[in-house]
$ cat upload05.cif   # mmCIF, C-alpha atoms
data_input
#
loop_
_atom_site.group_PDB
_atom_site.id
_atom_site.type_symbol
_atom_site.label_atom_id
_atom_site.label_comp_id
_atom_site.auth_asym_id
_atom_site.auth_seq_id
_atom_site.Cartn_x
_atom_site.Cartn_y
_atom_site.Cartn_z
ATOM 1 C CA MET A 1 -48.853 -13.555 79.781
ATOM 2 C CA LYS A 2 -48.873 -11.937 76.375
ATOM 3 C CA MET A 3 -46.863 -8.760 75.846
ATOM 4 C CA TYR A 4 -48.740 -5.757 74.543
ATOM 5 C CA LEU A 5 -47.540 -4.357 71.206
ATOM 6 C CA PRO A 6 -48.970 -1.221 69.673
ATOM 7 C CA PRO A 7 -51.314 -1.912 66.775
ATOM 8 C CA LYS A 8 -48.907 -0.577 64.119
ATOM 9 C CA TYR A 9 -46.434 -3.379 64.869
ATOM 10 C CA GLY A 10 -48.966 -6.130 64.478
ATOM 11 C CA SER A 11 -48.395 -9.503 66.073
ATOM 12 C CA GLN A 12 -45.214 -10.611 67.772
ATOM 13 C CA PRO A 13 -42.481 -11.785 65.444
ATOM 14 C CA SER A 14 -41.939 -15.507 65.206
ATOM 15 C CA ARG A 15 -38.832 -17.103 66.644
ATOM 16 C CA ARG A 16 -37.762 -18.039 63.120
ATOM 17 C CA SER A 17 -37.913 -14.448 61.841
ATOM 18 C CA VAL A 18 -35.937 -13.215 64.869
ATOM 19 C CA LEU A 19 -33.273 -15.861 64.221
ATOM 20 C CA LYS A 20 -33.126 -14.990 60.507
ATOM 21 C CA LYS A 21 -32.726 -11.281 61.245
ATOM 22 C CA GLY A 22 -30.131 -12.015 63.929
ATOM 23 C CA LEU A 23 -28.100 -14.245 61.630
ATOM 24 C CA ALA A 24 -28.344 -11.761 58.775
ATOM 25 C CA GLY A 25 -27.240 -8.937 61.069
ATOM 26 C CA GLY A 26 -24.362 -11.023 62.441
ATOM 27 C CA LEU A 27 -23.246 -11.903 58.933
ATOM 28 C CA LEU A 28 -23.388 -8.246 57.885
ATOM 29 C CA LEU A 29 -21.331 -7.196 60.908
ATOM 30 C CA SER A 30 -18.807 -9.958 60.228
ATOM 31 C CA VAL A 31 -18.379 -8.917 56.593
ATOM 32 C CA LEU A 32 -18.069 -5.238 57.441
ATOM 33 C CA GLY A 33 -15.762 -5.942 60.377
ATOM 34 C CA GLY A 34 -13.635 -8.308 58.297
ATOM 35 C CA GLY A 35 -13.399 -5.671 55.577
ATOM 36 C CA TRP A 36 -12.279 -3.119 58.136
ATOM 37 C CA LEU A 37 -9.652 -5.504 59.480
ATOM 38 C CA LEU A 38 -8.402 -6.290 55.988
ATOM 39 C CA SER A 39 -8.075 -2.593 55.207
ATOM 40 C CA ARG A 40 -5.765 -1.812 58.161
ATOM 41 C CA ARG A 41 -2.564 -0.209 56.874
ATOM 42 C CA SER A 42 0.939 -1.309 57.709
ATOM 43 C CA ALA A 43 3.696 0.898 59.012
ATOM 44 C CA LEU A 44 6.121 0.944 56.089
ATOM 45 C CA ARG A 45 9.680 2.047 56.562
ATOM 46 C CA SER A 46 12.257 2.941 53.944
ATOM 47 C CA ILE A 47 12.620 0.029 51.586
ATOM 48 C CA PRO A 48 15.973 -0.672 49.906
ATOM 49 C CA GLU A 49 16.185 -0.758 46.152
ATOM 50 C CA GLY A 50 16.682 -4.015 44.298
ATOM 51 C CA LEU A 51 14.743 -6.494 46.399
ATOM 52 C CA GLN A 52 14.664 -9.768 44.494
ATOM 53 C CA VAL A 53 11.774 -11.611 46.137
ATOM 54 C CA LEU A 54 9.964 -9.536 48.745
ATOM 55 C CA SER A 55 7.519 -6.710 48.147
ATOM 56 C CA ALA A 56 7.868 -3.486 50.127
ATOM 57 C CA LEU A 57 5.216 -4.644 52.614
ATOM 58 C CA GLU A 58 6.737 -8.115 53.040
ATOM 59 C CA TYR A 59 10.155 -6.532 53.560
ATOM 60 C CA ALA A 60 8.724 -4.204 56.242
ATOM 61 C CA VAL A 61 7.243 -7.179 58.109
ATOM 62 C CA LEU A 62 10.496 -9.132 57.859
ATOM 63 C CA TRP A 63 12.489 -6.098 59.006
ATOM 64 C CA ALA A 64 10.257 -5.827 62.105
ATOM 65 C CA ILE A 65 10.665 -9.549 62.797
ATOM 66 C CA CYS A 66 14.459 -9.245 62.494
ATOM 67 C CA GLN A 67 14.405 -6.421 65.055
ATOM 68 C CA ARG A 68 12.580 -8.667 67.522
ATOM 69 C CA MET A 69 14.404 -11.977 66.934
ATOM 70 C CA LEU A 70 18.019 -10.837 66.730
ATOM 71 C CA PRO A 71 20.359 -9.598 69.480
ATOM 72 C CA MET A 72 20.484 -5.850 69.999
ATOM 73 C CA ASN A 73 23.333 -5.671 72.499
ATOM 74 C CA PRO A 74 27.077 -5.221 72.178
ATOM 75 C CA PRO A 75 29.302 -6.798 71.078
ATOM 76 C CA PHE A 76 26.782 -8.018 68.517
ATOM 77 C CA PRO A 77 26.143 -5.704 65.579
ATOM 78 C CA SER A 78 22.599 -4.471 65.066
ATOM 79 C CA PRO A 79 20.406 -6.283 62.531
ATOM 80 C CA ASP A 80 20.429 -3.123 60.394
ATOM 81 C CA SER A 81 24.221 -2.830 60.377
ATOM 82 C CA VAL A 82 24.505 -6.280 58.755
ATOM 83 C CA ASN A 83 21.398 -5.762 56.562
ATOM 84 C CA ALA A 84 19.678 -8.810 58.048
ATOM 85 C CA ALA A 85 16.303 -8.240 56.338
ATOM 86 C CA ARG A 86 17.967 -7.607 52.974
ATOM 87 C CA ASN A 87 20.079 -10.753 53.464
ATOM 88 C CA CYS A 88 16.836 -12.676 54.039
ATOM 89 C CA ASP A 89 15.634 -11.476 50.635
ATOM 90 C CA ALA A 90 18.915 -12.676 49.066
ATOM 91 C CA ILE A 91 18.574 -16.090 50.732
ATOM 92 C CA LEU A 92 14.990 -16.387 49.514
ATOM 93 C CA ALA A 93 16.157 -15.545 45.986
ATOM 94 C CA LEU A 94 18.306 -18.701 46.101
ATOM 95 C CA SER A 95 15.472 -20.937 47.300
ATOM 96 C CA GLU A 96 12.791 -22.745 45.330
ATOM 97 C CA GLU A 97 9.720 -20.868 44.141
ATOM 98 C CA SER A 98 7.408 -22.815 46.468
ATOM 99 C CA ALA A 99 9.548 -21.874 49.499
ATOM 100 C CA ARG A 100 9.522 -18.214 48.452
ATOM 101 C CA THR A 101 5.753 -18.267 48.035
ATOM 102 C CA ASP A 102 5.237 -19.954 51.396
ATOM 103 C CA MET A 103 7.451 -17.412 53.154
ATOM 104 C CA ARG A 104 5.655 -14.499 51.512
ATOM 105 C CA HIS A 105 2.287 -15.921 52.628
ATOM 106 C CA LEU A 106 3.624 -16.431 56.134
ATOM 107 C CA LEU A 107 4.801 -12.828 56.346
ATOM 108 C CA MET A 108 1.377 -11.615 55.260
ATOM 109 C CA LEU A 109 -0.264 -13.739 57.972
ATOM 110 C CA PHE A 110 1.744 -11.752 60.491
ATOM 111 C CA GLU A 111 0.804 -8.434 58.920
ATOM 112 C CA ASN A 112 -2.827 -8.839 57.922
ATOM 113 C CA ALA A 113 -5.185 -7.673 60.674
ATOM 114 C CA LEU A 114 -7.886 -10.279 59.935
ATOM 115 C CA PRO A 115 -5.673 -13.357 60.525
ATOM 116 C CA ASN A 116 -4.147 -11.486 63.489
ATOM 117 C CA PHE A 117 -7.626 -11.109 64.932
ATOM 118 C CA LEU A 118 -8.589 -14.720 64.281
ATOM 119 C CA LEU A 119 -5.283 -16.193 65.511
ATOM 120 C CA GLY A 120 -4.470 -13.811 68.350
ATOM 121 C CA GLY A 121 -7.311 -11.383 68.970
ATOM 122 C CA ARG A 122 -5.359 -8.364 67.667
ATOM 123 C CA VAL A 123 -6.759 -5.874 65.180
ATOM 124 C CA VAL A 124 -3.471 -4.114 64.459
ATOM 125 C CA PRO A 125 -0.931 -5.174 61.804
ATOM 126 C CA PHE A 126 2.347 -6.581 63.146
ATOM 127 C CA THR A 127 4.392 -3.589 61.968
ATOM 128 C CA GLN A 128 2.186 -1.209 63.969
ATOM 129 C CA LEU A 129 2.408 -3.119 67.246
ATOM 130 C CA ALA A 130 4.650 -1.964 70.071
ATOM 131 C CA ALA A 131 7.864 -3.954 70.522
ATOM 132 C CA ASP A 132 6.511 -5.863 73.544
ATOM 133 C CA ASP A 133 3.369 -6.790 71.616
ATOM 134 C CA GLN A 134 5.465 -7.976 68.664
ATOM 135 C CA ASP A 135 7.470 -10.129 71.072
ATOM 136 C CA GLN A 136 4.205 -11.549 72.421
ATOM 137 C CA VAL A 137 2.982 -12.400 68.892
ATOM 138 C CA LEU A 138 6.236 -14.216 68.129
ATOM 139 C CA ARG A 139 6.073 -16.050 71.462
ATOM 140 C CA GLU A 140 2.484 -17.122 70.712
ATOM 141 C CA TRP A 141 3.592 -18.531 67.363
ATOM 142 C CA ALA A 142 6.583 -20.308 68.922
ATOM 143 C CA GLU A 143 4.502 -21.881 71.705
ATOM 144 C CA SER A 144 1.246 -22.475 69.829
ATOM 145 C CA ARG A 145 -0.715 -25.703 70.161
ATOM 146 C CA LEU A 146 -1.081 -25.587 66.366
ATOM 147 C CA ALA A 147 1.831 -27.297 64.647
ATOM 148 C CA ILE A 148 1.421 -25.086 61.564
ATOM 149 C CA LYS A 149 2.071 -21.940 63.624
ATOM 150 C CA ARG A 150 5.108 -23.461 65.339
ATOM 151 C CA THR A 151 6.436 -24.580 61.946
ATOM 152 C CA GLY A 152 5.952 -21.060 60.563
ATOM 153 C CA TYR A 153 7.841 -19.608 63.506
ATOM 154 C CA VAL A 154 10.730 -22.059 63.021
ATOM 155 C CA ALA A 155 10.901 -21.197 59.313
ATOM 156 C CA LEU A 156 11.122 -17.486 60.120
ATOM 157 C CA LYS A 157 13.668 -18.023 62.888
ATOM 158 C CA THR A 158 15.820 -20.168 60.606
ATOM 159 C CA LEU A 159 15.761 -17.618 57.775
ATOM 160 C CA VAL A 160 16.477 -14.658 60.056
ATOM 161 C CA SER A 161 19.243 -16.510 61.921
ATOM 162 C CA ALA A 162 20.956 -17.576 58.693
ATOM 163 C CA ALA A 163 20.808 -14.021 57.346
ATOM 164 C CA TYR A 164 22.324 -12.582 60.521
ATOM 165 C CA PHE A 165 24.737 -15.174 61.881
ATOM 166 C CA GLY A 166 26.187 -15.845 58.440
ATOM 167 C CA GLN A 167 27.855 -12.419 58.426
ATOM 168 C CA PRO A 168 31.601 -12.139 59.255
ATOM 169 C CA SER A 169 31.016 -9.140 61.577
ATOM 170 C CA VAL A 170 28.738 -11.337 63.694
ATOM 171 C CA TRP A 171 31.345 -14.118 63.730
ATOM 172 C CA ALA A 172 33.818 -11.739 65.335
ATOM 173 C CA ALA A 173 31.280 -10.824 68.041
ATOM 174 C CA MET A 174 30.890 -14.532 68.852
ATOM 175 C CA GLY A 175 34.666 -15.053 68.972
ATOM 176 C CA TYR A 176 34.623 -17.192 65.833
ATOM 177 C CA SER A 177 37.436 -16.462 63.430
ATOM 178 C CA ARG A 178 36.923 -16.650 59.727
ATOM 179 C CA PRO A 179 37.715 -20.121 58.401
ATOM 180 C CA SER A 180 40.834 -20.278 56.299
ATOM 181 C CA LEU A 181 40.260 -22.006 53.009
ATOM 182 C CA GLY A 182 42.848 -24.269 51.510
ATOM 183 C CA THR A 183 44.481 -25.542 54.670
ATOM 184 C CA GLN A 184 44.346 -29.158 55.650
ATOM 185 C CA PRO A 185 43.395 -30.105 59.188
#

$ encode --input "upload05.cif" --output "structure tokens"
Amino acid sequence: MKMYLPPKYGSQPSRRSVLKKGLAGGLLLSVLGGGWLLSRRSALRSIPEGLQVLSALEYAVLWAICQRMLPMNPPFPSPDSVNAARNCDAILALSEESARTDMRHLLMLFENALPNFLLGGRVVPFTQLAADDQDQVLREWAESRLAIKRTGYVALKTLVSAAYFGQPSVWAAMGYSRPSLGTQP
């Protein structure tokens, strides 16, 4: 049975023209949606002066990651009290340029809404997520089937842990006394 179309519309469109229009519309929506995701703004906090490697945005992402990865309970000092995110910047300043670049790209993968959408279905930058959602993102990276995501998580965890647990005030909280230099065992 043939469907009736009013005379002004002419004959029924061919399957090919419907597919072309559908693909063109899908492409347009993807581009516009991707542009919207890319334009999502981060929640920036106060940025310390004198960062050596990280931009203000990268520092904000790393600060948020430090808040989620590091202990927040006594007797351990808070990540802010030992300047964990700033210490990460200092550690990165001592590393090779390729390692710094890789870490900066990794931080932007966490923050950019488009990769967040593609990798985790979220349209909000990492710094704007609630604490539980940030924990979930980190858990997804740690437990991912993709080796590249797990490797990225380990790199972040290693950097953040070194920046925090390398501080003498954290040693005291763990019951580790400062090593005495110059004595023989």

$ residues_around --input "upload05.cif" --residues "Val82 of chain A" --least-positions-apart "3" --cutoff "9 Å" --atoms "all atoms listed in the file" --output "ChimeraX atom specification"
/A:77-79,85-87,163-164,167,169-170

$ residues_around --input "upload05.cif" --residues "Gln67 of chain A" --least-positions-apart "2" --cutoff "12 Å" --atoms "only C-alpha atoms" --output "PyMOL selection string"
chain A and resi 60-65+69-73+77-85+127+130-132+134-135+138+157+160-161+164

$ resolve_selection --input "upload05.cif" --expression "the PyMOL selection byres ((chain A and resi 57) around 12)" --output "PDB file with C-alpha atoms, in the frame of the given file"
ATOM      1  CA  ARG A  41      -2.564  -0.209  56.874  1.00  0.00           C
ATOM      2  CA  SER A  42       0.939  -1.309  57.709  1.00  0.00           C
ATOM      3  CA  ALA A  43       3.696   0.898  59.012  1.00  0.00           C
ATOM      4  CA  LEU A  44       6.121   0.944  56.089  1.00  0.00           C
ATOM      5  CA  ARG A  45       9.680   2.047  56.562  1.00  0.00           C
ATOM      6  CA  SER A  46      12.257   2.941  53.944  1.00  0.00           C
ATOM      7  CA  ILE A  47      12.620   0.029  51.586  1.00  0.00           C
ATOM      8  CA  PRO A  48      15.973  -0.672  49.906  1.00  0.00           C
ATOM      9  CA  LEU A  51      14.743  -6.494  46.399  1.00  0.00           C
ATOM     10  CA  VAL A  53      11.774 -11.611  46.137  1.00  0.00           C
ATOM     11  CA  LEU A  54       9.964  -9.536  48.745  1.00  0.00           C
ATOM     12  CA  SER A  55       7.519  -6.710  48.147  1.00  0.00           C
ATOM     13  CA  ALA A  56       7.868  -3.486  50.127  1.00  0.00           C
ATOM     14  CA  GLU A  58       6.737  -8.115  53.040  1.00  0.00           C
ATOM     15  CA  TYR A  59      10.155  -6.532  53.560  1.00  0.00           C
ATOM     16  CA  ALA A  60       8.724  -4.204  56.242  1.00  0.00           C
ATOM     17  CA  VAL A  61       7.243  -7.179  58.109  1.00  0.00           C
ATOM     18  CA  LEU A  62      10.496  -9.132  57.859  1.00  0.00           C
ATOM     19  CA  TRP A  63      12.489  -6.098  59.006  1.00  0.00           C
ATOM     20  CA  ALA A  64      10.257  -5.827  62.105  1.00  0.00           C
ATOM     21  CA  ARG A 104       5.655 -14.499  51.512  1.00  0.00           C
ATOM     22  CA  HIS A 105       2.287 -15.921  52.628  1.00  0.00           C
ATOM     23  CA  LEU A 107       4.801 -12.828  56.346  1.00  0.00           C
ATOM     24  CA  MET A 108       1.377 -11.615  55.260  1.00  0.00           C
ATOM     25  CA  LEU A 109      -0.264 -13.739  57.972  1.00  0.00           C
ATOM     26  CA  PHE A 110       1.744 -11.752  60.491  1.00  0.00           C
ATOM     27  CA  GLU A 111       0.804  -8.434  58.920  1.00  0.00           C
ATOM     28  CA  ASN A 112      -2.827  -8.839  57.922  1.00  0.00           C
ATOM     29  CA  PRO A 125      -0.931  -5.174  61.804  1.00  0.00           C
ATOM     30  CA  PHE A 126       2.347  -6.581  63.146  1.00  0.00           C
ATOM     31  CA  THR A 127       4.392  -3.589  61.968  1.00  0.00           C
TER      32      THR A 127
END

$ closest_residue --input "upload05.cif" --among "A:Ala93, A:Met103, A:Val124, A:Met174" --to "Ala155 of chain A" --atoms "only C-alpha atoms"
A:Met103

$ atom_distance --input "upload05.cif" --atom1 "atom CA of Ala162 of chain A" --atom2 "atom CA of Ser95 of chain A"
13.1 Å

$ closest_residue --input "upload05.cif" --among "A:Pro75, A:Asp133, A:Glu96, A:Leu106" --to "Tyr153 of chain A" --atoms "all atoms listed in the file"
A:Leu106

$ atom_distance --input "upload05.cif" --atom1 "atom CA of Arg139 of chain A" --atom2 "atom CA of Gly121 of chain A"
14.4 Å

$ closest_residue --input "upload05.cif" --among "A:Trp171, A:Gln52, A:Leu129, A:Glu143" --to "Leu92 of chain A" --atoms "all atoms listed in the file"
A:Gln52

$ atom_distance --input "upload05.cif" --atom1 "atom CA of Cys88 of chain A" --atom2 "atom CA of Arg145 of chain A"
27.2 Å

$ decode --input "upload05.cif" --residues "segment 92-106 of chain A" --atoms "all heavy atoms" --output "mmCIF file, in the first residue's frame"
data_model
loop_
_atom_site.group_PDB
_atom_site.id
_atom_site.type_symbol
_atom_site.label_atom_id
_atom_site.label_comp_id
_atom_site.auth_asym_id
_atom_site.auth_seq_id
_atom_site.Cartn_x
_atom_site.Cartn_y
_atom_site.Cartn_z
ATOM 1 N N LEU A 92 57.370 17.317 39.079
ATOM 2 C CA LEU A 92 57.312 17.334 37.615
ATOM 3 C C LEU A 92 58.408 18.219 37.026
ATOM 4 O O LEU A 92 58.930 17.936 35.951
ATOM 5 C CB LEU A 92 55.934 17.800 37.135
ATOM 6 C CG LEU A 92 54.795 16.805 37.321
ATOM 7 C CD1 LEU A 92 53.452 17.461 37.013
ATOM 8 C CD2 LEU A 92 55.016 15.585 36.446
ATOM 9 N N ALA A 93 58.750 19.301 37.737
ATOM 10 C CA ALA A 93 59.809 20.189 37.251
ATOM 11 C C ALA A 93 61.147 19.466 37.169
ATOM 12 O O ALA A 93 62.008 19.833 36.363
ATOM 13 C CB ALA A 93 59.926 21.414 38.151
ATOM 14 N N LEU A 94 61.336 18.430 37.988
ATOM 15 C CA LEU A 94 62.579 17.665 37.985
ATOM 16 C C LEU A 94 62.575 16.531 36.965
ATOM 17 O O LEU A 94 63.605 15.907 36.731
ATOM 18 C CB LEU A 94 62.840 17.082 39.378
ATOM 19 C CG LEU A 94 63.001 18.102 40.511
ATOM 20 C CD1 LEU A 94 63.073 17.387 41.854
ATOM 21 C CD2 LEU A 94 64.226 18.972 40.277
ATOM 22 N N SER A 95 61.437 16.257 36.371
ATOM 23 C CA SER A 95 61.339 15.126 35.439
ATOM 24 C C SER A 95 61.627 15.568 34.010
ATOM 25 O O SER A 95 61.745 16.760 33.714
ATOM 26 C CB SER A 95 59.958 14.487 35.537
ATOM 27 O OG SER A 95 58.965 15.405 35.163
ATOM 28 N N GLU A 96 61.721 14.591 33.128
ATOM 29 C CA GLU A 96 61.999 14.880 31.718
ATOM 30 C C GLU A 96 60.806 15.580 31.063
ATOM 31 O O GLU A 96 59.671 15.421 31.497
ATOM 32 C CB GLU A 96 62.285 13.578 30.965
ATOM 33 C CG GLU A 96 63.539 12.883 31.400
ATOM 34 C CD GLU A 96 63.782 11.605 30.612
ATOM 35 O OE1 GLU A 96 63.084 11.376 29.596
ATOM 36 O OE2 GLU A 96 64.665 10.848 31.007
ATOM 37 N N GLU A 97 61.089 16.298 30.008
ATOM 38 C CA GLU A 97 60.045 17.048 29.299
ATOM 39 C C GLU A 97 58.928 16.133 28.810
ATOM 40 O O GLU A 97 57.748 16.483 28.901
ATOM 41 C CB GLU A 97 60.648 17.826 28.121
ATOM 42 C CG GLU A 97 59.642 18.650 27.346
ATOM 43 C CD GLU A 97 58.946 19.714 28.185
ATOM 44 O OE1 GLU A 97 59.579 20.283 29.086
ATOM 45 O OE2 GLU A 97 57.748 19.973 27.933
ATOM 46 N N SER A 98 59.262 14.955 28.301
ATOM 47 C CA SER A 98 58.231 14.048 27.795
ATOM 48 C C SER A 98 57.310 13.576 28.925
ATOM 49 O O SER A 98 56.095 13.458 28.734
ATOM 50 C CB SER A 98 58.865 12.843 27.100
ATOM 51 O OG SER A 98 59.653 12.091 28.012
ATOM 52 N N ALA A 99 57.850 13.351 30.109
ATOM 53 C CA ALA A 99 57.027 12.949 31.258
ATOM 54 C C ALA A 99 56.112 14.092 31.688
ATOM 55 O O ALA A 99 54.944 13.869 32.024
ATOM 56 C CB ALA A 99 57.908 12.509 32.412
ATOM 57 N N ARG A 100 56.632 15.308 31.665
ATOM 58 C CA ARG A 100 55.807 16.474 32.015
ATOM 59 C C ARG A 100 54.660 16.627 31.025
ATOM 60 O O ARG A 100 53.512 16.849 31.420
ATOM 61 C CB ARG A 100 56.657 17.742 32.026
ATOM 62 C CG ARG A 100 57.625 17.810 33.172
ATOM 63 C CD ARG A 100 58.224 19.194 33.308
ATOM 64 N NE ARG A 100 59.040 19.582 32.183
ATOM 65 C CZ ARG A 100 60.365 19.633 32.190
ATOM 66 N NH1 ARG A 100 61.026 19.322 33.282
ATOM 67 N NH2 ARG A 100 61.028 19.998 31.130
ATOM 68 N N THR A 101 54.975 16.500 29.748
ATOM 69 C CA THR A 101 53.950 16.637 28.712
ATOM 70 C C THR A 101 52.888 15.556 28.856
ATOM 71 O O THR A 101 51.686 15.845 28.770
ATOM 72 C CB THR A 101 54.602 16.571 27.312
ATOM 73 O OG1 THR A 101 55.559 17.622 27.215
ATOM 74 C CG2 THR A 101 53.566 16.703 26.216
ATOM 75 N N ASP A 102 53.323 14.323 29.079
ATOM 76 C CA ASP A 102 52.365 13.229 29.244
ATOM 77 C C ASP A 102 51.454 13.465 30.441
ATOM 78 O O ASP A 102 50.245 13.223 30.372
ATOM 79 C CB ASP A 102 53.091 11.893 29.403
ATOM 80 C CG ASP A 102 53.728 11.413 28.108
ATOM 81 O OD1 ASP A 102 53.412 11.971 27.040
ATOM 82 O OD2 ASP A 102 54.562 10.475 28.177
ATOM 83 N N MET A 103 52.006 13.931 31.546
ATOM 84 C CA MET A 103 51.198 14.177 32.737
ATOM 85 C C MET A 103 50.209 15.317 32.498
ATOM 86 O O MET A 103 49.046 15.241 32.921
ATOM 87 C CB MET A 103 52.095 14.480 33.939
ATOM 88 C CG MET A 103 51.341 14.654 35.238
ATOM 89 S SD MET A 103 50.308 13.237 35.720
ATOM 90 C CE MET A 103 51.542 12.008 36.074
ATOM 91 N N ARG A 104 50.639 16.342 31.807
ATOM 92 C CA ARG A 104 49.733 17.457 31.512
ATOM 93 C C ARG A 104 48.590 16.989 30.619
ATOM 94 O O ARG A 104 47.439 17.370 30.834
ATOM 95 C CB ARG A 104 50.514 18.593 30.864
ATOM 96 C CG ARG A 104 51.534 19.217 31.822
ATOM 97 C CD ARG A 104 52.375 20.263 31.182
ATOM 98 N NE ARG A 104 51.543 21.471 31.119
ATOM 99 C CZ ARG A 104 51.868 22.536 30.421
ATOM 100 N NH1 ARG A 104 52.992 22.563 29.729
ATOM 101 N NH2 ARG A 104 51.094 23.585 30.418
ATOM 102 N N HIS A 105 48.883 16.152 29.634
ATOM 103 C CA HIS A 105 47.823 15.602 28.769
ATOM 104 C C HIS A 105 46.871 14.724 29.571
ATOM 105 O O HIS A 105 45.649 14.774 29.370
ATOM 106 C CB HIS A 105 48.427 14.815 27.609
ATOM 107 C CG HIS A 105 49.085 15.677 26.584
ATOM 108 N ND1 HIS A 105 50.034 15.202 25.715
ATOM 109 C CD2 HIS A 105 48.951 16.983 26.281
ATOM 110 C CE1 HIS A 105 50.449 16.172 24.928
ATOM 111 N NE2 HIS A 105 49.803 17.272 25.258
ATOM 112 N N LEU A 106 47.425 13.928 30.464
ATOM 113 C CA LEU A 106 46.600 13.057 31.293
ATOM 114 C C LEU A 106 45.644 13.877 32.166
ATOM 115 O O LEU A 106 44.457 13.557 32.272
ATOM 116 C CB LEU A 106 47.487 12.168 32.166
ATOM 117 C CG LEU A 106 46.787 11.236 33.143
ATOM 118 C CD1 LEU A 106 45.876 10.253 32.412
ATOM 119 C CD2 LEU A 106 47.813 10.489 33.986
#
